[in-house]
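Structure file entry-v3.cif with mmCIF, C-alpha atoms:
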```
data_target
loop_
_atom_site.label_atom_id
_atom_site.label_comp_id
_atom_site.auth_asym_id
_atom_site.auth_seq_id
_atom_site.Cartn_x
_atom_site.Cartn_y
_atom_site.Cartn_z
CA MET A 220 87.19 -95.87 28.91
CA PHE A 221 86.23 -92.76 30.89
CA LEU A 222 84.25 -89.83 29.57
CA ARG A 223 86.65 -86.92 29.89
CA ASN A 224 84.94 -83.78 28.64
CA TYR A 225 82.65 -83.36 31.63
CA TRP A 226 82.74 -81.64 34.98
CA TYR A 227 83.12 -84.16 37.78
CA VAL A 228 82.87 -83.63 41.51
CA ALA A 229 86.40 -84.06 42.85
CA ALA A 230 86.13 -83.13 46.51
CA THR A 231 84.05 -81.57 49.23
CA ASP A 232 84.90 -77.88 49.66
CA THR A 233 86.25 -78.45 53.18
CA ASP A 234 88.63 -81.19 51.95
CA VAL A 235 90.65 -78.63 50.04
CA GLY A 236 92.65 -76.09 52.00
CA ARG A 237 96.23 -75.10 52.65
CA LYS A 238 97.33 -78.69 53.03
CA PRO A 239 97.76 -80.53 49.69
CA PHE A 240 94.88 -82.97 49.20
CA PRO A 241 95.51 -85.97 46.91
CA ARG A 242 92.80 -87.83 45.00
CA THR A 243 92.92 -90.13 41.98
CA ILE A 244 90.35 -89.13 39.35
CA LEU A 245 89.71 -90.98 36.07
CA GLY A 246 92.88 -92.91 36.76
CA GLU A 247 95.05 -89.79 37.12
CA PRO A 248 96.67 -88.69 40.37
CA VAL A 249 95.52 -85.16 41.21
CA VAL A 250 96.50 -82.85 44.07
CA PHE A 251 94.26 -80.03 45.24
CA PHE A 252 95.07 -76.98 47.33
CA ARG A 253 93.93 -73.42 47.87
CA THR A 254 96.04 -70.37 47.14
CA GLU A 255 96.38 -67.77 49.89
CA ASP A 256 93.28 -65.95 48.57
CA GLY A 257 91.24 -69.19 48.83
CA THR A 258 91.09 -70.11 45.14
CA PRO A 259 91.13 -73.89 44.59
CA VAL A 260 93.83 -75.27 42.28
CA ALA A 261 94.40 -78.77 40.87
CA PHE A 262 97.71 -80.19 39.58
CA GLU A 263 98.67 -83.58 38.33
CA ASP A 264 99.99 -85.15 41.55
CA ARG A 265 103.36 -86.04 40.09
CA CYS A 266 106.51 -83.99 40.19
CA ALA A 267 107.83 -83.24 36.69
CA HIS A 268 111.24 -84.33 37.91
CA ARG A 269 111.04 -87.83 39.44
CA HIS A 270 107.32 -88.68 39.81
CA LEU A 271 106.93 -88.18 43.54
CA PRO A 272 103.37 -87.14 44.42
CA LEU A 273 103.46 -83.40 45.00
CA SER A 274 100.83 -83.94 47.69
CA MET A 275 103.70 -85.24 49.87
CA GLY A 276 105.20 -81.76 49.71
CA LYS A 277 104.02 -78.49 51.21
CA LEU A 278 102.77 -75.07 50.27
CA VAL A 279 105.20 -72.16 50.36
CA GLY A 280 102.96 -69.17 49.79
CA ASP A 281 101.10 -69.99 46.57
CA ARG A 282 103.83 -72.41 45.46
CA LEU A 283 103.69 -76.16 45.92
CA GLN A 284 107.10 -77.51 46.91
CA CYS A 285 108.07 -81.08 46.13
CA HIS A 286 109.05 -83.21 49.12
CA TYR A 287 111.91 -84.87 47.24
CA HIS A 288 114.29 -82.22 45.85
CA GLY A 289 112.44 -79.03 46.72
CA LEU A 290 111.31 -77.99 43.25
CA GLN A 291 108.62 -75.30 43.54
CA PHE A 292 105.63 -74.94 41.19
CA ASP A 293 103.49 -71.80 40.98
CA LYS A 294 99.69 -71.91 40.76
CA THR A 295 99.86 -72.18 36.96
CA GLY A 296 101.94 -75.36 37.30
CA HIS A 297 105.22 -73.83 36.12
CA CYS A 298 108.38 -74.68 38.00
CA VAL A 299 109.76 -71.44 39.42
CA ARG A 300 112.54 -72.76 41.63
CA ILE A 301 115.07 -75.57 41.39
CA PRO A 302 117.39 -75.56 44.42
CA GLY A 303 121.04 -75.13 43.39
CA GLN A 304 120.20 -74.30 39.77
CA ASP A 305 119.45 -70.92 38.19
CA GLN A 306 118.27 -72.15 34.80
CA ILE A 307 114.74 -73.56 34.76
CA PRO A 308 113.98 -75.70 31.70
CA PRO A 309 110.79 -74.59 29.86
CA ASN A 310 109.27 -78.05 30.10
CA ALA A 311 109.62 -78.05 33.90
CA LYS A 312 105.90 -77.81 34.56
CA VAL A 313 103.05 -79.95 35.82
CA LYS A 314 99.66 -80.39 34.23
CA THR A 315 96.89 -78.26 35.74
CA TYR A 316 93.15 -78.86 35.55
CA PRO A 317 90.24 -76.40 35.38
CA VAL A 318 88.55 -76.27 38.79
CA VAL A 319 85.32 -74.63 39.98
CA GLU A 320 83.89 -74.43 43.48
CA ARG A 321 80.10 -74.77 43.47
CA TYR A 322 77.35 -76.26 45.68
CA HIS A 323 79.99 -76.94 48.41
CA TRP A 324 81.83 -79.21 46.01
CA ILE A 325 85.08 -78.76 44.10
CA TRP A 326 84.48 -79.64 40.44
CA ILE A 327 87.22 -80.67 38.02
CA TRP A 328 87.46 -80.90 34.23
CA MET A 329 89.67 -83.82 33.16
CA GLY A 330 89.27 -83.33 29.40
CA ASP A 331 90.27 -80.66 26.88
CA PRO A 332 90.66 -77.45 28.96
CA ALA A 333 89.44 -75.36 26.02
CA LEU A 334 85.98 -76.95 26.45
CA ALA A 335 85.74 -76.39 30.21
CA ASP A 336 82.70 -74.11 30.38
CA PRO A 337 81.47 -73.73 34.00
CA ASP A 338 77.90 -73.32 32.68
CA LYS A 339 78.00 -77.03 31.90
CA ILE A 340 78.20 -77.92 35.60
CA THR A 341 75.17 -80.01 36.59
CA ASP A 342 72.74 -78.21 38.88
CA PHE A 343 72.88 -79.18 42.55
CA HIS A 344 71.59 -75.86 43.94
CA TRP A 345 69.66 -77.64 46.71
CA PHE A 346 72.89 -77.74 48.72
CA ASP A 347 73.03 -73.96 49.12
CA ASP A 348 69.44 -72.90 48.57
CA PRO A 349 67.85 -71.26 51.67
CA ASN A 350 64.52 -72.90 50.78
CA TRP A 351 66.01 -76.32 51.43
CA GLY A 352 67.67 -78.07 54.33
CA ALA A 353 70.46 -80.34 53.12
CA LYS A 354 73.41 -82.43 54.17
CA ALA A 355 76.00 -84.08 51.92
CA SER A 356 78.71 -86.67 52.33
CA TYR A 357 81.22 -88.88 50.55
CA LEU A 358 81.63 -92.63 50.21
CA HIS A 359 84.51 -94.51 48.68
CA VAL A 360 83.21 -97.36 46.53
CA LYS A 361 85.16 -100.45 45.48
CA SER A 362 83.42 -100.84 42.15
CA ASN A 363 83.20 -99.41 38.66
CA TRP A 364 81.20 -96.16 38.63
CA GLN A 365 78.51 -97.55 36.34
CA LEU A 366 77.35 -100.05 38.96
CA VAL A 367 76.44 -97.08 41.15
CA VAL A 368 74.54 -95.41 38.29
CA ASP A 369 72.69 -98.69 37.64
CA ASN A 370 71.68 -98.92 41.30
CA LEU A 371 70.10 -95.48 41.40
CA LEU A 372 68.16 -95.99 38.18
CA ASP A 373 66.36 -99.11 39.40
CA LEU A 374 64.68 -98.63 42.76
CA THR A 375 63.13 -102.11 42.77
CA HIS A 376 66.23 -103.03 44.85
CA LEU A 377 64.88 -101.02 47.79
CA ALA A 378 62.62 -103.81 48.99
CA PHE A 379 65.54 -106.26 49.10
CA VAL A 380 68.84 -104.51 49.78
CA HIS A 381 67.12 -102.11 52.18
CA GLU A 382 64.50 -104.47 53.53
CA THR A 383 65.20 -103.55 57.15
CA THR A 384 66.04 -99.87 56.61
CA ILE A 385 64.26 -97.67 54.06
CA GLY A 386 62.75 -100.53 52.05
CA ASN A 387 59.29 -100.56 53.54
CA ALA A 388 58.84 -96.83 53.59
CA ALA A 389 60.04 -96.39 50.05
CA ARG A 390 58.30 -99.35 48.46
CA ALA A 391 55.70 -98.43 45.90
CA GLU A 392 53.32 -101.35 45.67
CA HIS A 393 52.62 -102.32 42.09
CA ALA A 394 53.22 -98.77 40.96
CA VAL A 395 53.64 -98.25 37.26
CA VAL A 396 57.10 -97.14 36.25
CA LYS A 397 57.48 -94.93 33.23
CA VAL A 398 60.81 -94.33 31.54
CA THR A 399 61.27 -91.36 29.25
CA ARG A 400 64.44 -90.49 27.45
CA ALA A 401 66.14 -87.67 25.59
CA PRO A 402 69.54 -87.68 23.87
CA ASN A 403 71.37 -86.95 27.15
CA ASN A 404 68.76 -87.66 29.78
CA VAL A 405 66.81 -90.56 31.25
CA VAL A 406 63.88 -90.00 33.59
CA VAL A 407 62.28 -92.85 35.53
CA THR A 408 58.96 -91.84 37.03
CA ARG A 409 56.79 -93.70 39.48
CA TRP A 410 53.43 -92.41 40.76
CA ILE A 411 51.40 -93.84 43.59
CA ILE A 412 47.99 -92.16 43.45
CA ASP A 413 45.38 -91.75 46.16
CA GLN A 414 46.95 -93.83 48.95
CA ASP A 415 47.58 -93.37 52.66
CA PRO A 416 50.75 -91.37 53.26
CA PRO A 417 53.66 -93.49 54.53
CA PRO A 418 54.61 -92.77 58.16
CA THR A 419 57.75 -90.81 57.26
CA PHE A 420 55.77 -88.38 55.13
CA GLN A 421 52.80 -88.23 57.50
CA LYS A 422 55.05 -87.17 60.37
CA VAL A 423 56.24 -84.07 58.56
CA GLY A 424 53.36 -83.48 56.13
CA LYS A 425 50.41 -83.83 58.56
CA PHE A 426 48.09 -84.88 55.75
CA ALA A 427 44.32 -85.02 56.46
CA GLY A 428 43.64 -87.78 53.93
CA HIS A 429 45.10 -89.64 50.99
CA VAL A 430 48.14 -88.44 49.07
CA ASP A 431 49.64 -88.71 45.60
CA ARG A 432 53.28 -89.76 45.82
CA TRP A 433 56.04 -89.55 43.28
CA GLN A 434 59.55 -90.88 42.78
CA ILE A 435 61.28 -89.23 39.86
CA ILE A 436 64.84 -90.23 38.99
CA ASP A 437 66.63 -87.80 36.71
CA TYR A 438 69.87 -89.03 35.13
CA VAL A 439 72.31 -86.91 33.17
CA PRO A 440 75.69 -88.21 32.04
CA PRO A 441 78.21 -89.17 32.95
CA ALA A 442 76.97 -89.97 36.46
CA PHE A 443 74.58 -87.46 37.99
CA LEU A 444 71.36 -88.76 39.53
CA ARG A 445 68.91 -86.39 41.13
CA LEU A 446 65.94 -88.06 42.78
CA ASP A 447 62.78 -86.13 43.51
CA VAL A 448 60.55 -87.87 46.06
CA GLY A 449 57.46 -86.42 47.65
CA ALA A 450 53.74 -86.33 48.30
CA THR A 451 50.85 -83.87 48.11
CA ALA A 452 47.19 -84.21 49.07
CA THR A 453 45.27 -86.21 46.48
CA GLY A 454 43.36 -84.11 44.01
CA THR A 455 45.57 -81.03 44.24
CA GLY A 456 47.15 -81.67 40.85
CA ALA A 457 50.67 -83.01 41.44
CA PRO A 458 50.45 -85.68 38.69
CA GLU A 459 49.55 -82.89 36.25
CA GLY A 460 52.59 -80.89 37.36
CA LYS A 461 50.98 -78.54 39.89
CA ARG A 462 52.44 -79.05 43.34
CA VAL A 463 50.52 -77.47 46.19
CA GLY A 464 51.91 -77.84 49.72
CA GLY A 465 53.00 -81.33 50.64
CA VAL A 466 56.54 -82.48 51.27
CA THR A 467 59.46 -83.03 48.92
CA MET A 468 62.90 -84.53 49.36
CA ARG A 469 65.82 -84.72 46.99
CA ASN A 470 68.39 -87.45 46.98
CA LEU A 471 71.34 -86.06 45.10
CA ASN A 472 74.19 -88.12 43.67
CA ALA A 473 77.38 -87.40 41.77
CA ILE A 474 79.66 -90.32 41.00
CA THR A 475 83.24 -89.79 39.86
CA PRO A 476 85.40 -92.66 38.59
CA GLU A 477 88.60 -93.11 40.59
CA THR A 478 89.86 -96.10 38.58
CA GLU A 479 88.00 -98.63 36.42
CA THR A 480 87.17 -100.59 39.57
CA THR A 481 86.84 -97.90 42.26
CA SER A 482 84.71 -94.76 42.54
CA HIS A 483 84.12 -91.58 44.49
CA TYR A 484 80.50 -91.32 45.52
CA PHE A 485 79.33 -87.83 46.50
CA TRP A 486 75.76 -87.70 47.68
CA GLY A 487 73.40 -85.74 49.85
CA GLN A 488 69.82 -85.43 50.98
CA ALA A 489 67.71 -82.26 50.88
CA HIS A 490 64.20 -81.51 52.18
CA ASP A 491 61.81 -78.59 51.64
CA PHE A 492 60.08 -78.69 55.05
CA ASP A 493 61.29 -77.36 58.39
CA VAL A 494 64.46 -76.36 56.56
CA LYS A 495 66.25 -74.68 59.49
CA ASN A 496 65.88 -77.74 61.72
CA THR A 497 69.39 -79.18 61.53
CA GLU A 498 68.48 -82.04 63.83
CA LEU A 499 65.80 -83.10 61.34
CA THR A 500 68.27 -82.66 58.46
CA ASN A 501 70.72 -84.92 60.27
CA ASN A 502 68.07 -87.54 61.08
CA ILE A 503 66.93 -87.76 57.46
CA PHE A 504 70.53 -87.89 56.27
CA GLU A 505 71.50 -90.65 58.68
CA GLN A 506 68.52 -92.79 57.72
CA ILE A 507 69.52 -92.62 54.06
CA GLN A 508 73.20 -93.07 54.86
CA THR A 509 72.48 -96.38 56.59
CA ALA A 510 70.84 -97.55 53.38
CA PHE A 511 73.74 -96.28 51.27
CA PHE A 512 76.19 -98.35 53.32
CA GLU A 513 74.08 -101.36 52.30
CA ASP A 514 74.41 -100.36 48.64
CA VAL A 515 78.17 -99.92 48.89
CA ALA A 516 78.48 -103.51 50.16
CA VAL A 517 76.52 -104.67 47.11
CA PHE A 518 78.76 -102.73 44.68
CA SER A 519 82.01 -104.23 45.96
CA ALA A 520 80.55 -107.75 45.93
CA GLN A 521 79.39 -107.28 42.33
CA GLN A 522 82.82 -105.96 41.36
CA ARG A 523 84.59 -108.94 42.93
CA ASN A 524 82.58 -111.27 40.71
CA LEU A 525 83.13 -109.06 37.66
CA ASP A 526 86.88 -109.11 38.36
CA LEU A 527 86.83 -112.92 38.42
CA ASN A 528 85.03 -113.08 35.08
CA PRO A 529 84.32 -109.79 33.30
CA ASN A 530 82.65 -111.64 30.41
CA ALA A 531 80.20 -113.73 32.42
CA PRO A 532 76.74 -113.56 30.84
CA GLN A 533 73.95 -111.58 32.49
CA ILE A 534 70.24 -111.32 31.81
CA ASP A 535 68.10 -108.21 31.61
CA ILE A 536 64.70 -107.80 33.24
CA ASN A 537 62.02 -105.18 32.67
CA ALA A 538 63.14 -103.14 35.67
CA ASP A 539 66.43 -102.54 33.82
CA THR A 540 64.82 -100.19 31.31
CA GLY A 541 66.24 -96.99 32.83
CA VAL A 542 69.60 -98.66 33.48
CA ILE A 543 69.89 -99.82 29.88
CA GLN A 544 68.85 -96.48 28.39
CA ALA A 545 71.50 -94.72 30.51
CA ARG A 546 74.18 -97.22 29.49
CA ARG A 547 73.27 -96.65 25.85
CA ILE A 548 73.77 -92.90 26.30
CA ILE A 549 77.16 -93.51 27.93
CA ASP A 550 78.22 -95.86 25.12
CA ARG A 551 77.17 -93.31 22.49
CA LEU A 552 79.06 -90.50 24.25
CA ARG A 553 82.16 -92.70 24.51
CA GLY A 554 82.00 -93.23 20.76
CA GLU A 555 81.61 -89.50 20.18
CA GLU A 556 84.60 -88.64 22.39
CA ARG A 557 86.71 -91.30 20.72
CA ALA A 558 85.81 -89.97 17.26
CA ALA A 559 86.55 -86.39 18.32
CA MET A 560 89.94 -87.43 19.72
CA GLN A 561 90.83 -89.25 16.51
CA MET A 562 89.92 -86.17 14.49
CA THR A 563 92.09 -83.99 16.73
CA ALA A 564 94.95 -86.47 16.43
CA ALA A 565 94.63 -86.46 12.64
CA GLU A 566 94.83 -82.66 12.40
CA MET B 150 28.24 -108.33 17.71
CA ALA B 151 31.02 -107.40 20.03
CA ASP B 152 30.02 -109.60 22.93
CA SER B 153 29.64 -112.73 20.81
CA GLY B 154 32.19 -115.38 19.92
CA THR B 155 35.83 -114.49 19.99
CA TRP B 156 35.65 -110.77 20.77
CA HIS B 157 36.83 -109.72 24.22
CA ARG B 158 36.50 -106.29 25.79
CA VAL B 159 40.03 -105.35 26.89
CA ALA B 160 39.97 -101.61 27.62
CA ALA B 161 38.11 -98.34 27.55
CA LEU B 162 38.80 -96.44 24.35
CA ASP B 163 39.82 -93.25 26.18
CA ALA B 164 42.50 -95.20 28.08
CA VAL B 165 44.34 -95.80 24.81
CA LYS B 166 46.41 -92.70 24.17
CA GLU B 167 48.48 -91.51 21.23
CA GLY B 168 52.19 -92.10 21.80
CA GLU B 169 51.66 -94.56 24.65
CA ALA B 170 51.24 -98.29 25.05
CA LEU B 171 48.46 -99.78 27.15
CA PRO B 172 49.26 -103.32 28.32
CA VAL B 173 46.18 -105.58 28.63
CA LYS B 174 45.47 -109.28 28.95
CA LEU B 175 43.68 -111.28 26.29
CA GLY B 176 43.01 -114.41 28.31
CA ASP B 177 46.53 -115.43 29.36
CA THR B 178 48.20 -113.53 26.55
CA ALA B 179 49.94 -110.22 27.21
CA ILE B 180 49.06 -107.80 24.43
CA ALA B 181 49.38 -104.04 24.12
CA LEU B 182 47.07 -101.44 22.63
CA TYR B 183 48.33 -98.41 20.75
CA ARG B 184 46.64 -95.51 19.04
CA LEU B 185 48.16 -94.20 15.83
CA ASP B 186 46.42 -91.26 14.14
CA GLY B 187 43.25 -92.15 16.01
CA GLN B 188 43.25 -95.80 15.04
CA VAL B 189 43.66 -98.46 17.73
CA HIS B 190 46.07 -101.36 17.14
CA ALA B 191 46.58 -104.52 19.21
CA ILE B 192 49.84 -106.51 19.06
CA ASP B 193 51.69 -109.01 21.22
CA ASP B 194 53.38 -107.35 24.18
CA VAL B 195 56.25 -109.78 24.65
CA CYS B 196 59.37 -109.11 22.63
CA THR B 197 60.27 -112.02 20.33
CA HIS B 198 63.91 -111.62 21.40
CA GLU B 199 64.13 -112.04 25.18
CA PHE B 200 60.72 -111.68 26.79
CA ALA B 201 60.75 -107.99 27.68
CA LEU B 202 57.36 -106.29 27.93
CA LEU B 203 57.30 -103.98 24.94
CA SER B 204 54.66 -101.72 26.47
CA GLN B 205 57.39 -100.42 28.81
CA GLY B 206 59.41 -99.35 25.81
CA PHE B 207 59.30 -96.33 23.54
CA VAL B 208 56.70 -95.40 20.91
CA GLU B 209 58.40 -93.53 18.08
CA ASP B 210 57.45 -93.05 14.42
CA GLY B 211 54.72 -95.68 14.41
CA ALA B 212 57.03 -98.28 15.96
CA ILE B 213 57.54 -99.70 19.44
CA GLU B 214 61.14 -100.00 20.61
CA CYS B 215 61.92 -102.70 23.15
CA PRO B 216 62.97 -101.14 26.48
CA LEU B 217 65.87 -103.56 26.91
CA HIS B 218 67.68 -104.33 23.68
CA ALA B 219 66.24 -101.81 21.24
CA ALA B 220 64.50 -104.23 18.86
CA ARG B 221 61.76 -102.34 16.97
CA PHE B 222 58.39 -103.44 15.67
CA ASP B 223 55.86 -101.75 13.41
CA ILE B 224 52.77 -101.13 15.54
CA ALA B 225 50.28 -101.49 12.72
CA THR B 226 51.71 -104.65 11.17
CA GLY B 227 53.77 -106.23 13.98
CA ARG B 228 56.67 -106.48 11.59
CA CYS B 229 60.13 -106.67 13.14
CA LEU B 230 62.11 -103.61 11.98
CA ALA B 231 65.36 -103.92 13.92
CA ALA B 232 67.62 -106.51 15.55
CA PRO B 233 68.24 -108.21 17.91
CA ALA B 234 64.69 -109.60 17.47
CA GLU B 235 64.07 -111.54 14.28
CA ARG B 236 60.44 -112.68 14.40
CA ASP B 237 57.40 -110.44 13.91
CA LEU B 238 54.75 -109.85 16.55
CA ARG B 239 51.26 -111.22 16.17
CA THR B 240 48.58 -108.61 15.51
CA TYR B 241 44.95 -108.87 16.63
CA PRO B 242 41.78 -107.53 15.03
CA VAL B 243 40.34 -104.56 16.93
CA ARG B 244 36.77 -103.35 17.05
CA ILE B 245 35.49 -100.22 18.78
CA ASP B 246 31.98 -100.08 20.24
CA GLY B 247 31.22 -96.77 21.95
CA ASN B 248 33.99 -96.33 24.51
CA ASP B 249 34.87 -100.03 24.56
CA VAL B 250 37.81 -101.65 22.81
CA TYR B 251 37.29 -105.27 21.74
CA VAL B 252 40.04 -107.55 20.52
CA SER B 253 39.60 -110.86 18.77
CA ALA B 254 41.71 -113.83 19.78
CA ALA B 255 40.71 -115.77 16.69
#
```
As a first step, turn the structure in this file into structure tokens.
Amino acid sequence: MFLRNYWYVAATDTDVGRKPFPRTILGEPVVFFRTEDGTPVAFEDRCAHRHLPLSMGKLVGDRLQCHYHGLQFDKTGHCVRIPGQDQIPPNAKVKTYPVVERYHWIWIWMGDPALADPDKITDFHWFDDPNWGAKASYLHVKSNWQLVVDNLLDLTHLAFVHETTIGNAARAEHAVVKVTRAPNNVVVTRWIIDQDPPPTFQKVGKFAGHVDRWQIIDYVPPAFLRLDVGATATGTGAPEGKRVGGVTMRNLNAITPETETTSHYFWGQAHDFDVKNTELTNNIFEQIQTAFFEDVAVFSAQQRNLDLNPNAPQIDINADTGVIQARRIIDRLRGEERAAMQMTAAE
Amino acid sequence: MADSGTWHRVAALDAVKEGEALPVKLGDTAIALYRLDGQVHAIDDVCTHEFALLSQGFVEDGAIECPLHAARFDIATGRCLAAPAERDLRTYPVRIDGNDVYVSAA
């Protein structure tokens, strides 16, 4: 069961234009387009007449015209033209979804439209903050969305899945991991105190001596993971919350279920040094992207086994602490949505 | 007294903080130290359910919650408070000498 009353990332801003853009979200076919003034719009991608995806049609002004029999729907989803027929039945309309454009992403609300408050959109300001250089991308994943969340909450996989890519640089030898939790938040923190800076950080940070490094994974449901990774000179107070100089990167992730067994994976990498250097931004991005391709191969292989036997037993290890706390939040929120829906149905 | 017989120094007192668990070894045994209202307690660190290290879990209301399957144990008594664990944790006598924490394996 999907969590519905949340904002999800549906598309990159440049995906959506004057050509209808189809994408399945939470198991529903959705079509996106922009009106002539540039406002993004989302419809159910299914003609109210005979189910053809409206994305196969075309825009006529601000109306989306079905490819099959030419029915036209205005930006509110109401049918305003049926060729050869003057009378338009009142139920000739398609479902629309609340949509917001923010952080170079198009966000969609798949739940009760009355609850769609844009202030609830998770913060990804790093993508359009002048103090950061950033690049984002999209991956299609052939697995359930929660496998992606699991992956990002347990970085002990870096040394194995990414052994030949980012594994060595990112490995924190025997570092102590601390998991803290709140009702709708899990934070996994790892500090490496008073050590030589790894080469990647030394290159950009030009540290004179030892550094304190951190990896902080911040999870908020349903599937937003914002990683804060960086280093400052030892003794300047970073572990106590005072960051002076140094270098910081953010690895930013938003996962949107497509179906129960496939997902949309929006992610990006931001850095707070040399922020106008787009070549550097691209280099950092491509290094991480190589590693993410390795993760995507893991997800689909896991899903293939889960498809063969969804009830096969699994064991938990200590590194799963963050993963398990996040899954407990998701399970609780599912229960809350189910209860709220039953109450609505009973009214 | 503290260096004789079964007492073992396992930690510095100021390393044991309120609201946190400090994992230490008592010989080959993994135990954890906690401080509740100033008093130091020592209990087994391995969950009686499925071998998780409890010190990586969550200290709340005088109990430690297992990080994996949410079993809970009373820190002062070791008593199991919530499933899926069923057995209690062993507790160990604690003695403080200056800034040293001693635990008895007896």
Point-to-point distance in Å for atom CA of Asp447 of chain A and atom CA of Ser482 of chain A: 23.6 Å
Residues of chain A were defined as contacting chain B if any atom lay at most 8 Å from it, counting only C-alpha atoms; please report them as a JSON list (two decimals) with C-alpha atoms, keeping the file's coordinate frame.
```
[["chain", "number", "residue", "atom", "x", "y", "z"],
["A", 397, "LYS", "CA", 57.48, -94.93, 33.23],
["A", 398, "VAL", "CA", 60.81, -94.33, 31.54],
["A", 399, "THR", "CA", 61.27, -91.36, 29.25],
["A", 535, "ASP", "CA", 68.10, -108.21, 31.61],
["A", 536, "ILE", "CA", 64.70, -107.80, 33.24],
["A", 537, "ASN", "CA", 62.02, -105.18, 32.67],
["A", 539, "ASP", "CA", 66.43, -102.54, 33.82],
["A", 540, "THR", "CA", 64.82, -100.19, 31.31],
["A", 543, "ILE", "CA", 69.89, -99.82, 29.88],
["A", 544, "GLN", "CA", 68.85, -96.48, 28.39]]
```
Exercise: residues within 8 Å of coordinate (39.1, -111.6, 15.1), counting all atoms listed in the file, as a ChimeraX atom specification: /B:155-156,241-243,252-255
Which residues, protein or nucleic acid, reach to within 7 Å of (86.6, -98.0, 39.6) in the file's coordinates when using only C-alpha atoms, and can you give that as a compact mmCIF listing (two decimals) with C-alpha atoms, in the coordinates of the input?
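Result written to point14.txt:
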```txt
# COMPACT_ATOMS: atom_id res chain seq x y z
CA LYS A 361 85.16 -100.45 45.48
CA SER A 362 83.42 -100.84 42.15
CA ASN A 363 83.20 -99.41 38.66
CA TRP A 364 81.20 -96.16 38.63
CA PRO A 476 85.40 -92.66 38.59
CA GLU A 477 88.60 -93.11 40.59
CA THR A 478 89.86 -96.10 38.58
CA GLU A 479 88.00 -98.63 36.42
CA THR A 480 87.17 -100.59 39.57
CA THR A 481 86.84 -97.90 42.26
CA SER A 482 84.71 -94.76 42.54
```
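Interatomic distance, atom CA of Trp326 of chain A against atom CA of Arg547 of chain A: 25.1 Å.
Taking atom CA of Thr254 of chain A and atom CA of His344 of chain A as the two end points, the separation is 25.3 Å.
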Neighbour list for Ala234 of chain B as number ranges by chain, cut-off 7 Å, only C-alpha atoms, skip fewer than 6 positions in-chain: B: 197-198, 220
Residues near Thr226 of chain B, cut-off 9 Å, only C-alpha atoms, skip fewer than 5 positions along chain, as an MDAnalysis selection string: chainID B and resid 190 192 237:240
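Contact shell of segment 177-183 of chain B at 6 Å (all atoms listed in the file; same-chain neighbours under 6 positions omitted): Ala170, Leu171, Val189, His190, Ala191, Ile192, Asp193 and Asp194 of chain B.
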Nearby residues (only C-alpha atoms) at most 10 Å from segment 355-360 of chain A, same-chain spacing under 3 positions excluded, as a ChimeraX atom specification: /A:230-231,323-324,346,363-364,366-367,470-474,476-477,480-489,501,504,508,511-512,514-519
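The residues caught by the PyMOL selection byres ((chain A and resi 285-287) around 6) in this file are Leu273, Met275, Gly276, Gln284, His288, Gly289 and Leu290 of chain A.
Proximity to Ala225 of chain B was assessed for B:Gly211, B:Tyr251, B:Gly187, B:Cys196 counting only C-alpha atoms; the smallest distance is recorded for B:Gly211.
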Within 10 Å of segment 438-443 of chain A using only C-alpha atoms, minus same-chain residues under 6 positions, as a PyMOL selection string: chain A and resi 221-228+341-343+364-365+367-369+371-372+400-407+471-476+484-486+541-542+545-546+548-549+552-553
Now that the selection is made, can you save its residues with C-alpha atoms as a tab-separated table (two decimals), keeping the file's coordinate frame?
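Dumped to again.tsv:
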```tsv
chain	number	residue	atom	x	y	z
A	221	PHE	CA	86.23	-92.76	30.89
A	222	LEU	CA	84.25	-89.83	29.57
A	223	ARG	CA	86.65	-86.92	29.89
A	224	ASN	CA	84.94	-83.78	28.64
A	225	TYR	CA	82.65	-83.36	31.63
A	226	TRP	CA	82.74	-81.64	34.98
A	227	TYR	CA	83.12	-84.16	37.78
A	228	VAL	CA	82.87	-83.63	41.51
A	341	THR	CA	75.17	-80.01	36.59
A	342	ASP	CA	72.74	-78.21	38.88
A	343	PHE	CA	72.88	-79.18	42.55
A	364	TRP	CA	81.20	-96.16	38.63
A	365	GLN	CA	78.51	-97.55	36.34
A	367	VAL	CA	76.44	-97.08	41.15
A	368	VAL	CA	74.54	-95.41	38.29
A	369	ASP	CA	72.69	-98.69	37.64
A	371	LEU	CA	70.10	-95.48	41.40
A	372	LEU	CA	68.16	-95.99	38.18
A	400	ARG	CA	64.44	-90.49	27.45
A	401	ALA	CA	66.14	-87.67	25.59
A	402	PRO	CA	69.54	-87.68	23.87
A	403	ASN	CA	71.37	-86.95	27.15
A	404	ASN	CA	68.76	-87.66	29.78
A	405	VAL	CA	66.81	-90.56	31.25
A	406	VAL	CA	63.88	-90.00	33.59
A	407	VAL	CA	62.28	-92.85	35.53
A	471	LEU	CA	71.34	-86.06	45.10
A	472	ASN	CA	74.19	-88.12	43.67
A	473	ALA	CA	77.38	-87.40	41.77
A	474	ILE	CA	79.66	-90.32	41.00
A	475	THR	CA	83.24	-89.79	39.86
A	476	PRO	CA	85.40	-92.66	38.59
A	484	TYR	CA	80.50	-91.32	45.52
A	485	PHE	CA	79.33	-87.83	46.50
A	486	TRP	CA	75.76	-87.70	47.68
A	541	GLY	CA	66.24	-96.99	32.83
A	542	VAL	CA	69.60	-98.66	33.48
A	545	ALA	CA	71.50	-94.72	30.51
A	546	ARG	CA	74.18	-97.22	29.49
A	548	ILE	CA	73.77	-92.90	26.30
A	549	ILE	CA	77.16	-93.51	27.93
A	552	LEU	CA	79.06	-90.50	24.25
A	553	ARG	CA	82.16	-92.70	24.51
```
